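Since the structure comes first, as C-alpha cells, the remarks are kept for the end.
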Amino acid sequence: MSDLSGVHRSHSYYEASARGRLTHLLDAGSFRELLGPTERLTSPHLELLGQPCAFDDGIVIGRGRLDGRPVLVASQEGGFMGGAVGEVHGAKLTGLLELAVHEHPAAILLLLESGGVRLHEANAGLIAISEIIRALLAARAAGIPVIGLIGGIYGCFGGMGIVARCCDRLIINEEGRLGLSGPDVIETTMGVEEFDASDRALVWRTVGGKHRFLLGEVQQLVADDLAAFRTAVVEALGQPLQGLTLESLEREHQGLADRLANYGDCLDATEIWAALGLENPLQVPLLDIPTFLQVASQAGREGA
Amino acid sequence: MGKAVLVGVVTSGNLEVMVERADLNGTCQVEVSTSAQGFGSIWQAVLDDFAARHDLADLRISINDGGATPAVVSLRLDQAMEEFLGMVS
Amino acid sequence: MTVEALLNQLFPSGHAVQTREGVLTGSATTPKGAIAVMGTGSHLAVGVEAAMALADFVLKVVKEWPGRPLLMLVDTQGQRLSRRDELLGINGYLAHLVKCLELARLRGHRLLSLAYGEAVSGGFLSFGLMADEIHALPDAKVRVMNLTAMARITKLPLEMLEEMSATSPSFAPGVENFFKLGGVRSVWSDNISEQLEEAIARQTVGDQRRKDGLERHGRKLAHEVSQLVAAGGTRT
C-alpha cells in the first residue's frame with residue numbers, strides 16, 4: 001500500500017467493516033467491546049445447518065466515547081449474512097439497549113446494516129427483532145437518545161428498517177438505503193413489473209438516502225466519509241430529545257397522514273420531489289451533497 | 001478483549017482469523033471451521049507455509065471460513081499476525 | 001375461524017367491533033370491564049393505509065379510553081410488498097404504529113394479542129408482537145416463511161431443514177414452535193373468553209419472551225446473552 005501520510009484520506013463508511021466504522025467514528029482508542037469474539041458466542045442454529053459462523057455473530061457492541069461523552073454502540077456487519085438478525089445477534093443488541101437503561105449514556109449509536117431476519121433461524125430472528133424494538137423504545141422512554149446510522153452496502157431492510165425508524169434520529173449517506181421489503185424480495189414475489197431490482201437508479205431514488213432525507217425520514221444526509229458521520233453524530237447529540245409522548249406521536253401521525261394524502265398517488269420519487277417544490281427533480285440523483293442540501297433547503301426540506 | 005485480534009469478515013470468498021495468546025507449552029493450535037469439504041491438504045499446506053513465516057509459539061489461531069482461496073487465507077493470516085504483534089508490542 | 005365467530009366466542013356478552021378494508025377496530029365487553037379491540041382480518045397484507053388506521057385507533061384509545069386494556073387480533077400475511085409502499089416509507093408507518101402501542105403501554109394500557117389466522121413477519125411485528133402477552137389459537141399459522149421458501153433462499157436442502165425442524169423450533173412455521181421459542185405465551189385451545197379474562201387480570205413486567213424461550217428449551221442463548229450484556233458484559 002502506498003504511503004499516504006500527510007495526505008487527508010477519507011474513510012468510506014460504505015466500504016468499511018462493522019469494526020472499522022467504530023474505529024473511525026469514536027474517539028481514538030476509546031472503544032471497549034462487550035461479549036467480543038473471544039467469547040465465541042456463535043449461532044447454534046447456523047452450526048446445526050453446517051453454515052459458517054462468525055465469532056461475534058455479525059454484530060459488534062460495546063462502550064466508547066464520542067467527543068468525550070460516553071456512548072453505547074452497536075455495529076452490524078453486513079458482510080456476514082447481510083447483517084441479518086439471529087438469536088445471538090439480536091440478544092446482544094437487546095442486551096445493549098437494556099444496559100443503557102442502567103448506565104444512562106449520552107446516547108446509543110446504532111450502526112445499522114441488515115436485511116432483517118436471518119432466514120436460517122427465521123423464527124428466533126423475528127422474535128429477536130421484536131425484542132430489539134421493545135428494548136429500544138424502553139431506552140427512549142428512559143430518556144436516552146438513540147441515533148441510527150445507515151450507509152453500508154447491504155442497506156437497512158426488513159424488521160431492522162422498522163427498528164431504524166424507531167430511533168430518535170437517523171443519519172444516512174447518499175449510498176445508504178432504507179426500507180422494509182428489499183427490491184429483490186418485491187421483484188421475486190410480485191414480479192419485475194412491480195419492482196425491477198436490477199434498475200439501480202430506480203432502487204436508489206426509491207429507497208436511497210436522498211429520497212429518505214427529502215421525505216423527512218432521516219434528519220441528516222452526509223458524505224460517504226466516516227469523519228462526516230462523526231461530525232453529524234456530535235451535532236445530533238446537541239439536538240433536543242424527541243420524547244415518546246402523545247403530542248410527539250400525534251405530530252408524527254399528522255405528518256405521515258399528510259404524506260399519504262399528498263404523495264400516495266405518486267408513481268415515482270421524481271413526482272414526489274417535484275411536488276415538494278424541487279426545481280429539477282430529474283437532476284436530484286446527480287447533485288453532489290452540498291448542492292443537494294442547498295436545493296433541499298430552498299424547497300423547505302431542512303432534515304432536522 | 002485481552003491479547004487477541006480479529007481480522008476479516010466471514011463473507012463469500014473471505015474469512016475471519018482470530019489470534020489469541022494461550023498457554024500451549026510452546027506449541028500453536030489452529031482451528032479451521034469451513035463448510036467447504038475436501039480441502040484438508042490445501043489448508044495444511046497454507047498453514048505450514050504460514051507457520052514457517054512466523055513464530056507461533058503459544059498462540060491459538062481460530063478461523064471461520066466463507067470459502068476463501070488459499071491466497072486470501074495467507075493474506076489474512078499474515079494480516080492477523082501483523083496486527084497481533086503491533087498490539088502487544 | 002371467521003372474525004365474527006371469533007368475536008362471538010371471545011365476547012359472549014357482546015362487542016362493537018367493525019371491519020373496514022381488513023382492519024378491525026372497536027370495543028367489547030368482558031366480565032373484567034370494557035376492552036378496546038383492534039387487528040386485521042382476511043390475512044391482510046399490512047400496507048401504509050392499514051398501519052395508519054391502526055395507529056389512529058391506538059391514539060384514540062389512549063386519548064378517549066385511558067387505561068383500557070387493548071386486544072390485538074392478528075391475521076396478516078405480512079407487510080404489503082409494493083414499490084409504492086416502499087416509496088412512501090412503509091417501514092416508518094409500521095414504526096409509527098409500534099411507537100403508538102408503546103405509548104399506550106407507557107400510559108398503563110394492558111396490551112394483549114391473539115393470533116387467530118396468519119401471523120407473518122412484518123405484519124405481525126408491527127402490532128401483534130408488541131403485546132405484553134402474545135397468545136395464539138392452536139390452528140393459527142405463525143411464521144416467517146415456509147420451509148420450501150427457506151430452502152430456496154438459503155440454498156439448503158429441504159430434507160435437511162425438515163430433519164432439523166424435528167429438534168429445533170427455529171426453522172419450521174407453527175404455533176408450537178413459536179411457543180417453545182417464547183414468542184407465543186400460551187395457546188388458547190378452549191374457553192377462549194375465560195383465557196382472555198385471565199390474561200386481562202394478570203400483570204406482566206417487561207419482556208418475558210427470552211425467559212419463556214429458555215424455560216421451554218426453545219431459545220437457549222437469547223436470555224443468557226442479553227443478561228450478560230445488560231450486566232455490563234462480564235461473566236461472573
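Here, A, B, ... name the chains of the C-alpha cells in the order displayed, residue numbers run from 1 inside each chain, and ligands are numbered from 1 in the same displayed order.
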
Report the closest atom pair, with its distance in Å rounded to one decimal, for each residue of chain A that has an atom no farther than 9 Å from chain B; count only C-alpha atoms, sort by chain and then rising residue number, and write it as a tab-separated table.
```
residue	atom	partner	partner_atom	distance
A:Ser17	CA	B:Val9	CA	7.9
A:Arg32	CA	B:Met1	CA	8.0
A:Glu33	CA	B:Met1	CA	6.9
A:Leu34	CA	B:Met1	CA	8.3
A:Leu35	CA	B:Met1	CA	8.4
A:Gly36	CA	B:Met1	CA	6.3
A:Pro37	CA	B:Leu6	CA	7.5
A:Thr38	CA	B:Met1	CA	6.8
A:Glu39	CA	B:Met1	CA	8.8
A:Gly50	CA	B:Ser35	CA	6.4
A:Gln51	CA	B:Ser35	CA	6.1
A:Pro52	CA	B:Thr34	CA	6.1
A:Cys53	CA	B:Asn64	CA	6.5
A:Ala54	CA	B:Val10	CA	6.2
A:Phe55	CA	B:Asn64	CA	7.9
A:Gly58	CA	B:Val9	CA	8.7
A:Glu77	CA	B:Val9	CA	8.1
A:Gly78	CA	B:Thr11	CA	8.9
A:Gly79	CA	B:Thr11	CA	5.3
A:Phe80	CA	B:Thr11	CA	5.3
A:Met81	CA	B:Thr11	CA	7.1
A:Gly82	CA	B:Thr11	CA	8.8
```

Select, as a PDB file with N, CA, C and O atoms, in the first residue's frame, those residues of chain C with any atom no more than 7 Å from chain A (distances computed using only C-alpha atoms).
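And here's out-v4.pdb as it stands now:
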```pdb
ATOM      1  N   LEU C  81     -46.146  -5.988  -0.032  1.00  0.00           N
ATOM      2  CA  LEU C  81     -44.948  -5.909  -0.857  1.00  0.00           C
ATOM      3  C   LEU C  81     -45.262  -5.064  -2.076  1.00  0.00           C
ATOM      4  O   LEU C  81     -45.877  -5.537  -3.027  1.00  0.00           O
ATOM      5  N   SER C  82     -44.876  -3.796  -2.026  1.00  0.00           N
ATOM      6  CA  SER C  82     -45.111  -2.962  -3.203  1.00  0.00           C
ATOM      7  C   SER C  82     -44.107  -1.826  -3.252  1.00  0.00           C
ATOM      8  O   SER C  82     -43.647  -1.338  -2.229  1.00  0.00           O
ATOM      9  N   ARG C  83     -43.779  -1.446  -4.465  1.00  0.00           N
ATOM     10  CA  ARG C  83     -42.810  -0.371  -4.659  1.00  0.00           C
ATOM     11  C   ARG C  83     -43.381   0.943  -4.132  1.00  0.00           C
ATOM     12  O   ARG C  83     -42.671   1.748  -3.538  1.00  0.00           O
ATOM     13  N   ARG C  84     -44.669   1.126  -4.325  1.00  0.00           N
ATOM     14  CA  ARG C  84     -45.312   2.371  -3.885  1.00  0.00           C
ATOM     15  C   ARG C  84     -45.252   2.499  -2.357  1.00  0.00           C
ATOM     16  O   ARG C  84     -44.996   3.572  -1.827  1.00  0.00           O
ATOM     17  N   GLU C  86     -42.986   1.192  -0.447  1.00  0.00           N
ATOM     18  CA  GLU C  86     -41.581   1.480  -0.116  1.00  0.00           C
ATOM     19  C   GLU C  86     -41.252   2.942  -0.394  1.00  0.00           C
ATOM     20  O   GLU C  86     -40.551   3.594   0.375  1.00  0.00           O
ATOM     21  N   LEU C  87     -41.770   3.449  -1.514  1.00  0.00           N
ATOM     22  CA  LEU C  87     -41.547   4.844  -1.893  1.00  0.00           C
ATOM     23  C   LEU C  87     -42.027   5.783  -0.792  1.00  0.00           C
ATOM     24  O   LEU C  87     -41.398   6.789  -0.478  1.00  0.00           O
ATOM     25  N   GLY C  89     -42.204   5.028   2.307  1.00  0.00           N
ATOM     26  CA  GLY C  89     -41.527   4.749   3.575  1.00  0.00           C
ATOM     27  C   GLY C  89     -42.367   3.903   4.515  1.00  0.00           C
ATOM     28  O   GLY C  89     -42.560   4.254   5.689  1.00  0.00           O
ATOM     29  N   ILE C  90     -42.861   2.774   4.026  1.00  0.00           N
ATOM     30  CA  ILE C  90     -43.747   1.918   4.820  1.00  0.00           C
ATOM     31  C   ILE C  90     -43.127   1.523   6.156  1.00  0.00           C
ATOM     32  O   ILE C  90     -43.830   1.412   7.166  1.00  0.00           O
ATOM     33  N   ASN C  91     -41.802   1.350   6.203  1.00  0.00           N
ATOM     34  CA  ASN C  91     -41.179   0.974   7.471  1.00  0.00           C
ATOM     35  C   ASN C  91     -41.412   2.043   8.540  1.00  0.00           C
ATOM     36  O   ASN C  91     -41.577   1.726   9.719  1.00  0.00           O
ATOM     37  N   GLY C  92     -41.482   3.308   8.102  1.00  0.00           N
ATOM     38  CA  GLY C  92     -41.773   4.391   9.038  1.00  0.00           C
ATOM     39  C   GLY C  92     -43.219   4.353   9.515  1.00  0.00           C
ATOM     40  O   GLY C  92     -43.515   4.707  10.660  1.00  0.00           O
ATOM     41  N   LEU C  94     -45.020   1.543   9.821  1.00  0.00           N
ATOM     42  CA  LEU C  94     -45.107   0.437  10.777  1.00  0.00           C
ATOM     43  C   LEU C  94     -44.416   0.825  12.090  1.00  0.00           C
ATOM     44  O   LEU C  94     -44.891   0.473  13.176  1.00  0.00           O
ATOM     45  N   ALA C  95     -43.311   1.549  11.997  1.00  0.00           N
ATOM     46  CA  ALA C  95     -42.625   2.008  13.217  1.00  0.00           C
ATOM     47  C   ALA C  95     -43.525   2.956  14.000  1.00  0.00           C
ATOM     48  O   ALA C  95     -43.541   2.933  15.239  1.00  0.00           O
ATOM     49  N   CYS C 100     -46.858   4.016  18.762  1.00  0.00           N
ATOM     50  CA  CYS C 100     -48.152   4.335  19.366  1.00  0.00           C
ATOM     51  C   CYS C 100     -48.518   3.271  20.400  1.00  0.00           C
ATOM     52  O   CYS C 100     -49.039   3.581  21.478  1.00  0.00           O
ATOM     53  N   LEU C 103     -46.520   3.793  23.462  1.00  0.00           N
ATOM     54  CA  LEU C 103     -47.100   4.907  24.223  1.00  0.00           C
ATOM     55  C   LEU C 103     -48.271   4.410  25.075  1.00  0.00           C
ATOM     56  O   LEU C 103     -48.381   4.756  26.257  1.00  0.00           O
ATOM     57  N   SER C 121     -44.234 -12.332   9.777  1.00  0.00           N
ATOM     58  CA  SER C 121     -43.178 -11.324   9.596  1.00  0.00           C
ATOM     59  C   SER C 121     -43.575  -9.891   9.941  1.00  0.00           C
ATOM     60  O   SER C 121     -44.065  -9.617  11.020  1.00  0.00           O
ATOM     61  N   GLY C 122     -43.371  -8.975   8.978  1.00  0.00           N
ATOM     62  CA  GLY C 122     -43.535  -7.545   9.227  1.00  0.00           C
ATOM     63  C   GLY C 122     -44.923  -7.163   9.707  1.00  0.00           C
ATOM     64  O   GLY C 122     -45.070  -6.267  10.536  1.00  0.00           O
ATOM     65  N   LEU C 125     -45.020  -8.214  13.280  1.00  0.00           N
ATOM     66  CA  LEU C 125     -44.066  -7.365  14.014  1.00  0.00           C
ATOM     67  C   LEU C 125     -44.658  -5.997  14.333  1.00  0.00           C
ATOM     68  O   LEU C 125     -44.394  -5.423  15.393  1.00  0.00           O
ATOM     69  N   LEU C 129     -46.868  -8.514  17.817  1.00  0.00           N
ATOM     70  CA  LEU C 129     -45.672  -8.838  18.596  1.00  0.00           C
ATOM     71  C   LEU C 129     -45.313  -7.770  19.633  1.00  0.00           C
ATOM     72  O   LEU C 129     -44.395  -7.955  20.411  1.00  0.00           O
ATOM     73  N   ARG C 143     -45.555 -17.631  11.333  1.00  0.00           N
ATOM     74  CA  ARG C 143     -44.347 -17.975  10.576  1.00  0.00           C
ATOM     75  C   ARG C 143     -43.604 -16.750  10.047  1.00  0.00           C
ATOM     76  O   ARG C 143     -44.118 -15.633  10.051  1.00  0.00           O
ATOM     77  N   VAL C 144     -42.388 -17.003   9.596  1.00  0.00           N
ATOM     78  CA  VAL C 144     -41.661 -16.046   8.768  1.00  0.00           C
ATOM     79  C   VAL C 144     -41.785 -16.530   7.324  1.00  0.00           C
ATOM     80  O   VAL C 144     -42.217 -15.809   6.458  1.00  0.00           O
ATOM     81  N   MET C 150     -37.660 -21.248   2.455  1.00  0.00           N
ATOM     82  CA  MET C 150     -36.405 -21.115   3.192  1.00  0.00           C
ATOM     83  C   MET C 150     -35.301 -21.918   2.512  1.00  0.00           C
ATOM     84  O   MET C 150     -34.164 -21.457   2.381  1.00  0.00           O
ATOM     85  N   THR C 154     -32.019 -20.009   1.266  1.00  0.00           N
ATOM     86  CA  THR C 154     -30.760 -20.311   1.952  1.00  0.00           C
ATOM     87  C   THR C 154     -29.899 -21.307   1.168  1.00  0.00           C
ATOM     88  O   THR C 154     -28.765 -21.568   1.534  1.00  0.00           O
ATOM     89  N   SER C 170     -36.580 -23.331  15.616  1.00  0.00           N
ATOM     90  CA  SER C 170     -36.244 -22.062  14.952  1.00  0.00           C
ATOM     91  C   SER C 170     -36.529 -22.046  13.455  1.00  0.00           C
ATOM     92  O   SER C 170     -36.509 -20.989  12.837  1.00  0.00           O
ATOM     93  N   PHE C 171     -36.751 -23.208  12.878  1.00  0.00           N
ATOM     94  CA  PHE C 171     -36.833 -23.259  11.415  1.00  0.00           C
ATOM     95  C   PHE C 171     -38.261 -23.288  10.874  1.00  0.00           C
ATOM     96  O   PHE C 171     -38.641 -22.429  10.083  1.00  0.00           O
ATOM     97  N   PHE C 178     -43.291 -21.445  17.894  1.00  0.00           N
ATOM     98  CA  PHE C 178     -43.211 -20.105  18.480  1.00  0.00           C
ATOM     99  C   PHE C 178     -43.442 -20.150  19.987  1.00  0.00           C
ATOM    100  O   PHE C 178     -42.876 -19.348  20.734  1.00  0.00           O
ATOM    101  N   LEU C 181     -40.179 -21.124  21.562  1.00  0.00           N
ATOM    102  CA  LEU C 181     -39.204 -20.028  21.489  1.00  0.00           C
ATOM    103  C   LEU C 181     -39.564 -18.875  22.422  1.00  0.00           C
ATOM    104  O   LEU C 181     -38.781 -17.952  22.606  1.00  0.00           O
ATOM    105  N   GLY C 183     -42.060 -16.874  21.830  1.00  0.00           N
ATOM    106  CA  GLY C 183     -42.749 -15.857  21.039  1.00  0.00           C
ATOM    107  C   GLY C 183     -44.258 -15.885  21.224  1.00  0.00           C
ATOM    108  O   GLY C 183     -44.946 -14.900  20.959  1.00  0.00           O
ATOM    109  N   LEU C 221     -29.991 -19.408  24.144  1.00  0.00           N
ATOM    110  CA  LEU C 221     -28.948 -18.405  24.353  1.00  0.00           C
ATOM    111  C   LEU C 221     -29.460 -16.979  24.546  1.00  0.00           C
ATOM    112  O   LEU C 221     -28.796 -16.167  25.190  1.00  0.00           O
ATOM    113  N   ALA C 222     -30.625 -16.673  24.002  1.00  0.00           N
ATOM    114  CA  ALA C 222     -31.069 -15.275  23.978  1.00  0.00           C
ATOM    115  C   ALA C 222     -31.104 -14.657  25.375  1.00  0.00           C
ATOM    116  O   ALA C 222     -30.626 -13.534  25.591  1.00  0.00           O
ATOM    117  N   VAL C 225     -27.382 -14.377  26.893  1.00  0.00           N
ATOM    118  CA  VAL C 225     -26.557 -13.392  26.189  1.00  0.00           C
ATOM    119  C   VAL C 225     -27.009 -11.969  26.526  1.00  0.00           C
ATOM    120  O   VAL C 225     -26.195 -11.110  26.880  1.00  0.00           O
ATOM    121  N   SER C 226     -28.304 -11.722  26.472  1.00  0.00           N
ATOM    122  CA  SER C 226     -28.763 -10.355  26.743  1.00  0.00           C
ATOM    123  C   SER C 226     -28.527  -9.989  28.207  1.00  0.00           C
ATOM    124  O   SER C 226     -28.180  -8.846  28.518  1.00  0.00           O
ATOM    125  N   GLN C 227     -28.673 -10.974  29.110  1.00  0.00           N
ATOM    126  CA  GLN C 227     -28.404 -10.709  30.523  1.00  0.00           C
ATOM    127  C   GLN C 227     -26.934 -10.361  30.752  1.00  0.00           C
ATOM    128  O   GLN C 227     -26.618  -9.459  31.511  1.00  0.00           O
ATOM    129  N   VAL C 229     -24.868  -9.020  28.648  1.00  0.00           N
ATOM    130  CA  VAL C 229     -24.592  -7.670  28.144  1.00  0.00           C
ATOM    131  C   VAL C 229     -25.196  -6.627  29.088  1.00  0.00           C
ATOM    132  O   VAL C 229     -24.534  -5.660  29.468  1.00  0.00           O
ATOM    133  N   ALA C 230     -26.445  -6.865  29.474  1.00  0.00           N
ATOM    134  CA  ALA C 230     -27.126  -5.890  30.330  1.00  0.00           C
ATOM    135  C   ALA C 230     -26.426  -5.740  31.682  1.00  0.00           C
ATOM    136  O   ALA C 230     -26.526  -4.707  32.330  1.00  0.00           O
ATOM    137  N   ALA C 231     -25.689  -6.797  32.087  1.00  0.00           N
ATOM    138  CA  ALA C 231     -24.949  -6.727  33.353  1.00  0.00           C
ATOM    139  C   ALA C 231     -23.578  -6.084  33.160  1.00  0.00           C
ATOM    140  O   ALA C 231     -22.779  -6.023  34.087  1.00  0.00           O
ATOM    141  N   GLY C 232     -23.289  -5.651  31.962  1.00  0.00           N
ATOM    142  CA  GLY C 232     -22.032  -4.963  31.720  1.00  0.00           C
ATOM    143  C   GLY C 232     -21.006  -5.812  31.000  1.00  0.00           C
ATOM    144  O   GLY C 232     -19.869  -5.410  30.812  1.00  0.00           O
ATOM    145  N   GLY C 233     -21.399  -7.009  30.621  1.00  0.00           N
ATOM    146  CA  GLY C 233     -20.553  -7.801  29.741  1.00  0.00           C
ATOM    147  C   GLY C 233     -19.545  -8.696  30.426  1.00  0.00           C
ATOM    148  O   GLY C 233     -18.728  -9.325  29.776  1.00  0.00           O
TER     149      GLY C 233
END
```

Running DSSP on the backbone, which parts of range 168-201 of chain C land in alpha helix (DSSP H), as a VMD selection string?
-> chain C and resid 175 to 181 192 to 201

Going by DSSP on the backbone, which bits of range 64-134 of chain C are strand (DSSP E)? Write them as a PyMOL selection string, please.
-> chain C and resi 70-79+111-120+133-134

Export of the given selection (N, CA and C atoms) as a PDB file, in the first residue's frame:
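Output below, filename out_5.pdb:
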```
ATOM      1  N   LEU C  70     -56.174  -3.387  25.767  1.00  0.00           N
ATOM      2  CA  LEU C  70     -56.286  -3.410  24.304  1.00  0.00           C
ATOM      3  C   LEU C  70     -55.944  -4.813  23.800  1.00  0.00           C
ATOM      4  N   LEU C  71     -56.868  -5.393  23.068  1.00  0.00           N
ATOM      5  CA  LEU C  71     -56.633  -6.715  22.474  1.00  0.00           C
ATOM      6  C   LEU C  71     -56.394  -6.567  20.979  1.00  0.00           C
ATOM      7  N   MET C  72     -55.304  -7.180  20.519  1.00  0.00           N
ATOM      8  CA  MET C  72     -54.993  -7.141  19.088  1.00  0.00           C
ATOM      9  C   MET C  72     -55.257  -8.518  18.497  1.00  0.00           C
ATOM     10  N   LEU C  73     -56.103  -8.559  17.486  1.00  0.00           N
ATOM     11  CA  LEU C  73     -56.428  -9.818  16.818  1.00  0.00           C
ATOM     12  C   LEU C  73     -55.624  -9.886  15.520  1.00  0.00           C
ATOM     13  N   VAL C  74     -54.822 -10.924  15.398  1.00  0.00           N
ATOM     14  CA  VAL C  74     -53.842 -10.960  14.316  1.00  0.00           C
ATOM     15  C   VAL C  74     -54.205 -11.973  13.243  1.00  0.00           C
ATOM     16  N   ASP C  75     -54.414 -11.466  12.038  1.00  0.00           N
ATOM     17  CA  ASP C  75     -54.498 -12.314  10.856  1.00  0.00           C
ATOM     18  C   ASP C  75     -53.891 -11.537   9.698  1.00  0.00           C
ATOM     19  N   THR C  76     -52.587 -11.703   9.521  1.00  0.00           N
ATOM     20  CA  THR C  76     -51.882 -10.957   8.473  1.00  0.00           C
ATOM     21  C   THR C  76     -50.882 -11.854   7.763  1.00  0.00           C
ATOM     22  N   GLN C  77     -50.842 -11.725   6.454  1.00  0.00           N
ATOM     23  CA  GLN C  77     -49.861 -12.496   5.674  1.00  0.00           C
ATOM     24  C   GLN C  77     -48.508 -11.797   5.644  1.00  0.00           C
ATOM     25  N   GLY C  78     -48.395 -10.665   6.364  1.00  0.00           N
ATOM     26  CA  GLY C  78     -47.124  -9.939   6.404  1.00  0.00           C
ATOM     27  C   GLY C  78     -47.314  -8.512   5.942  1.00  0.00           C
ATOM     28  N   GLN C  79     -46.221  -7.840   5.659  1.00  0.00           N
ATOM     29  CA  GLN C  79     -46.312  -6.476   5.151  1.00  0.00           C
ATOM     30  C   GLN C  79     -46.697  -6.502   3.676  1.00  0.00           C
ATOM     31  N   LEU C 111     -51.587  -4.552  27.037  1.00  0.00           N
ATOM     32  CA  LEU C 111     -51.615  -4.923  25.618  1.00  0.00           C
ATOM     33  C   LEU C 111     -51.591  -6.446  25.483  1.00  0.00           C
ATOM     34  N   LEU C 112     -52.627  -6.974  24.841  1.00  0.00           N
ATOM     35  CA  LEU C 112     -52.696  -8.420  24.616  1.00  0.00           C
ATOM     36  C   LEU C 112     -52.852  -8.661  23.131  1.00  0.00           C
ATOM     37  N   SER C 113     -52.371  -9.805  22.665  1.00  0.00           N
ATOM     38  CA  SER C 113     -52.686 -10.125  21.276  1.00  0.00           C
ATOM     39  C   SER C 113     -53.026 -11.591  21.142  1.00  0.00           C
ATOM     40  N   LEU C 114     -53.824 -11.863  20.128  1.00  0.00           N
ATOM     41  CA  LEU C 114     -54.245 -13.234  19.839  1.00  0.00           C
ATOM     42  C   LEU C 114     -54.100 -13.470  18.339  1.00  0.00           C
ATOM     43  N   ALA C 115     -53.183 -14.381  17.992  1.00  0.00           N
ATOM     44  CA  ALA C 115     -53.038 -14.760  16.583  1.00  0.00           C
ATOM     45  C   ALA C 115     -54.097 -15.813  16.291  1.00  0.00           C
ATOM     46  N   TYR C 116     -55.026 -15.476  15.387  1.00  0.00           N
ATOM     47  CA  TYR C 116     -56.124 -16.406  15.118  1.00  0.00           C
ATOM     48  C   TYR C 116     -56.137 -16.889  13.680  1.00  0.00           C
ATOM     49  N   GLY C 117     -55.373 -16.206  12.802  1.00  0.00           N
ATOM     50  CA  GLY C 117     -55.316 -16.613  11.395  1.00  0.00           C
ATOM     51  C   GLY C 117     -53.862 -16.800  11.030  1.00  0.00           C
ATOM     52  N   GLU C 118     -53.370 -15.969  10.116  1.00  0.00           N
ATOM     53  CA  GLU C 118     -51.949 -15.996   9.827  1.00  0.00           C
ATOM     54  C   GLU C 118     -51.260 -14.921  10.664  1.00  0.00           C
ATOM     55  N   ALA C 119     -50.033 -15.180  11.048  1.00  0.00           N
ATOM     56  CA  ALA C 119     -49.255 -14.179  11.781  1.00  0.00           C
ATOM     57  C   ALA C 119     -47.848 -14.237  11.223  1.00  0.00           C
ATOM     58  N   VAL C 120     -47.564 -13.322  10.298  1.00  0.00           N
ATOM     59  CA  VAL C 120     -46.349 -13.440   9.493  1.00  0.00           C
ATOM     60  C   VAL C 120     -45.503 -12.167   9.534  1.00  0.00           C
ATOM     61  N   GLU C 133     -48.506  -9.732  26.360  1.00  0.00           N
ATOM     62  CA  GLU C 133     -48.670 -11.183  26.238  1.00  0.00           C
ATOM     63  C   GLU C 133     -49.223 -11.486  24.855  1.00  0.00           C
ATOM     64  N   ILE C 134     -48.567 -12.435  24.176  1.00  0.00           N
ATOM     65  CA  ILE C 134     -48.986 -12.836  22.836  1.00  0.00           C
ATOM     66  C   ILE C 134     -49.536 -14.262  22.924  1.00  0.00           C
TER      67      ILE C 134
END
```

Quick one: everything within 12 Å of Ala201 in chain C, counting only C-alpha atoms, minus sequence neighbours fewer than 3 positions away in the same chain. Send it as JSON, numbers by chain.
-> {"C": [30, 31, 32, 33, 35, 69, 110, 111, 112, 133, 194, 195, 196, 197, 198, 204]}

Within 9 Å of range 26-32 of chain B, counting only C-alpha atoms, which residues qualify if same-chain residues fewer than 4 places away don't, as an MDAnalysis selection string?
-> chainID B and resid 22 43 47 51 56:65

I need the chosen residues saved as a compact mmCIF listing (two decimals), in the first residue's frame, with C-alpha atoms.
```
# COMPACT_ATOMS: atom_id res chain seq x y z
CA ALA B 22 -2.70 -19.08 25.12
CA TRP B 43 -5.38 -25.95 4.26
CA LEU B 47 -0.89 -23.32 7.34
CA ALA B 51 4.00 -21.43 10.37
CA LEU B 56 3.54 -19.00 16.50
CA ALA B 57 4.50 -20.39 19.90
CA ASP B 58 1.68 -20.19 22.48
CA LEU B 59 -0.85 -18.82 20.05
CA ARG B 60 -4.36 -20.05 19.40
CA ILE B 61 -5.48 -19.28 15.89
CA SER B 62 -9.14 -19.71 15.01
CA ILE B 63 -10.55 -19.41 11.54
CA ASN B 64 -14.12 -19.13 10.26
CA ASP B 65 -14.00 -19.57 6.52
```

Using only C-alpha atoms, the residue out of C:Gly26, C:Pro157, C:Pro138, C:Pro169 with shortest distance to His217 in chain C is C:Pro169
